[in-house]
Amino acid sequence: MSCLFCRIASGEIPADIVWQDDALIAFRDIAPQAPTHILLITRDHHVTVGELATADPALAATFMSAVAAVAAQEGLSDYRLVFNSGAEAGQSVFHVHGHLLAGRPLSWPPG
Ligand code: AMP
């Protein structure tokens, strides 16, 4: 299994897990870009958010509910959810993940 986030999902590589259920896992980013920087991933391998939404719309919807659950657990009222989709958009790990960023003012537009 070569996918980094599949290896985190399986427990082979440790992560600072903050929330999980049978389909999704949220853990702290190893290189945080904000005071709160959490990644939410699917346990199953999907490459991008678009591919996830096409292959498994129910899981994509559940993913959004999980974002709300993680934000509530972390006490976040203001946050940014980012999906980098494709290398040109900044995706470096090709297993779908949402970045939940919070805890400082976030500028717009992103770089
Ligand atoms: P992206 O560039 O959108 O694909 O985001 C990948 C994210 O994964 C980056 O923010 C990395 O800091 C993060 N990352 C890489 N390896 C790990 C790891 N072992 N544990 C937690 N986060 C990681």
# chains A, B, ... in the order shown; residues from 1 in each chain; ligands from 1
call {"tool": "residues_near_ligand", "arguments": {"ligand": "ligand 1", "cutoff": "10 Å", "atoms": "only C-alpha atoms and all ligand atoms", "output": "JSON, numbers by chain"}}
result
{"A": [4, 5, 7, 8, 13, 14, 15, 16, 17, 26, 27, 28, 29, 30, 31, 32, 33, 37, 38, 39, 48, 82, 83, 84, 85, 86, 87, 89, 90, 91, 92, 93, 94, 95, 96, 97, 98, 99]}
call {"tool": "closest_residue", "arguments": {"among": "A:Ala69, A:Thr36, A:Thr42, A:Gly103", "to": "A:Asp22", "atoms": "only C-alpha atoms"}}
result
A:Thr42
call {"tool": "select_by_dssp", "arguments": {"residues": "stretch 6-110 of chain A", "states": "strand (DSSP E or B)", "output": "PDB file with C-alpha atoms, in the first residue's frame"}}
result
ATOM      1  CA  ILE A  17      -6.359  11.645  15.249  1.00  0.00           C
ATOM      2  CA  VAL A  18      -9.003  14.015  16.595  1.00  0.00           C
ATOM      3  CA  TRP A  19     -12.195  12.382  15.266  1.00  0.00           C
ATOM      4  CA  GLN A  20     -13.142   9.226  13.382  1.00  0.00           C
ATOM      5  CA  LEU A  24     -13.770   8.957   7.811  1.00  0.00           C
ATOM      6  CA  ILE A  25     -10.786  10.076   9.903  1.00  0.00           C
ATOM      7  CA  ALA A  26      -9.705  13.563  10.975  1.00  0.00           C
ATOM      8  CA  PHE A  27      -6.143  14.196  12.152  1.00  0.00           C
ATOM      9  CA  ARG A  28      -3.859  17.164  12.689  1.00  0.00           C
ATOM     10  CA  THR A  36      -5.924  24.704  13.908  1.00  0.00           C
ATOM     11  CA  HIS A  37      -5.129  22.662  10.797  1.00  0.00           C
ATOM     12  CA  ILE A  38      -6.978  19.375  10.576  1.00  0.00           C
ATOM     13  CA  LEU A  39      -7.194  17.014   7.611  1.00  0.00           C
ATOM     14  CA  LEU A  40     -10.358  14.992   7.048  1.00  0.00           C
ATOM     15  CA  ILE A  41      -9.969  11.914   4.847  1.00  0.00           C
ATOM     16  CA  THR A  42     -12.032   8.974   3.691  1.00  0.00           C
ATOM     17  CA  ARG A  80     -11.922  27.618   6.069  1.00  0.00           C
ATOM     18  CA  LEU A  81     -12.406  24.282   4.299  1.00  0.00           C
ATOM     19  CA  VAL A  82      -9.986  23.707   1.407  1.00  0.00           C
ATOM     20  CA  HIS A  97      -8.663  15.327   2.057  1.00  0.00           C
ATOM     21  CA  GLY A  98     -10.276  18.501   3.261  1.00  0.00           C
ATOM     22  CA  HIS A  99      -8.087  21.007   5.080  1.00  0.00           C
ATOM     23  CA  LEU A 100      -9.928  22.573   8.034  1.00  0.00           C
ATOM     24  CA  LEU A 101      -8.050  25.790   8.861  1.00  0.00           C
ATOM     25  CA  ALA A 102      -8.829  28.154  11.718  1.00  0.00           C
TER      26      ALA A 102
END
call {"tool": "closest_residue", "arguments": {"among": "A:Ala23, A:Leu76, A:Val49, A:Ala34", "to": "A:Thr62", "atoms": "only C-alpha atoms"}}
result
A:Ala23
call {"tool": "atom_distance", "arguments": {"atom1": "atom CA of A:Cys6", "atom2": "atom CA of A:Asp44"}}
result
7.4 Å
call {"tool": "decode", "arguments": {"residues": "stretch 24-81 of chain A", "atoms": "C-alpha atoms", "output": "compact mmCIF listing (two decimals), in the first residue's frame"}}
result
# COMPACT_ATOMS: atom_id res chain seq x y z
CA LEU A 24 -13.77 8.96 7.81
CA ILE A 25 -10.79 10.08 9.90
CA ALA A 26 -9.70 13.56 10.98
CA PHE A 27 -6.14 14.20 12.15
CA ARG A 28 -3.86 17.16 12.69
CA ASP A 29 -1.70 18.24 9.74
CA ILE A 30 1.97 17.51 10.30
CA ALA A 31 2.90 20.99 8.98
CA PRO A 32 0.11 23.24 10.27
CA GLN A 33 -0.61 26.41 8.31
CA ALA A 34 -2.87 27.84 11.04
CA PRO A 35 -3.31 27.31 14.80
CA THR A 36 -5.92 24.70 13.91
CA HIS A 37 -5.13 22.66 10.80
CA ILE A 38 -6.98 19.37 10.58
CA LEU A 39 -7.19 17.01 7.61
CA LEU A 40 -10.36 14.99 7.05
CA ILE A 41 -9.97 11.91 4.85
CA THR A 42 -12.03 8.97 3.69
CA ARG A 43 -10.93 5.54 4.89
CA ASP A 44 -11.47 4.24 1.35
CA HIS A 45 -9.13 5.51 -1.31
CA HIS A 46 -10.52 8.32 -3.46
CA VAL A 47 -8.17 10.62 -5.34
CA THR A 48 -9.95 13.98 -5.43
CA VAL A 49 -13.12 15.52 -4.02
CA GLY A 50 -14.66 15.42 -7.49
CA GLU A 51 -13.88 11.76 -7.90
CA LEU A 52 -15.33 11.05 -4.44
CA ALA A 53 -18.52 12.95 -5.22
CA THR A 54 -18.92 11.04 -8.49
CA ALA A 55 -18.05 7.59 -7.14
CA ASP A 56 -19.87 7.81 -3.80
CA PRO A 57 -22.22 10.81 -3.43
CA ALA A 58 -23.55 9.55 -0.10
CA LEU A 59 -20.04 9.46 1.34
CA ALA A 60 -19.35 12.93 -0.05
CA ALA A 61 -22.42 14.21 1.80
CA THR A 62 -21.34 12.41 4.96
CA PHE A 63 -17.94 14.04 4.56
CA MET A 64 -19.54 17.48 4.82
CA SER A 65 -21.46 16.48 7.94
CA ALA A 66 -18.18 15.28 9.42
CA VAL A 67 -16.59 18.67 8.72
CA ALA A 68 -19.35 20.24 10.81
CA ALA A 69 -18.86 17.65 13.57
CA VAL A 70 -15.10 18.20 13.72
CA ALA A 71 -15.51 21.98 13.71
CA ALA A 72 -18.02 21.76 16.55
CA GLN A 73 -15.78 19.43 18.54
CA GLU A 74 -12.88 21.87 18.11
CA GLY A 75 -15.10 24.80 19.13
CA LEU A 76 -14.64 26.53 15.79
CA SER A 77 -17.16 29.11 14.64
CA ASP A 78 -15.00 30.55 11.85
CA TYR A 79 -12.94 28.29 9.65
CA ARG A 80 -11.92 27.62 6.07
CA LEU A 81 -12.41 24.28 4.30
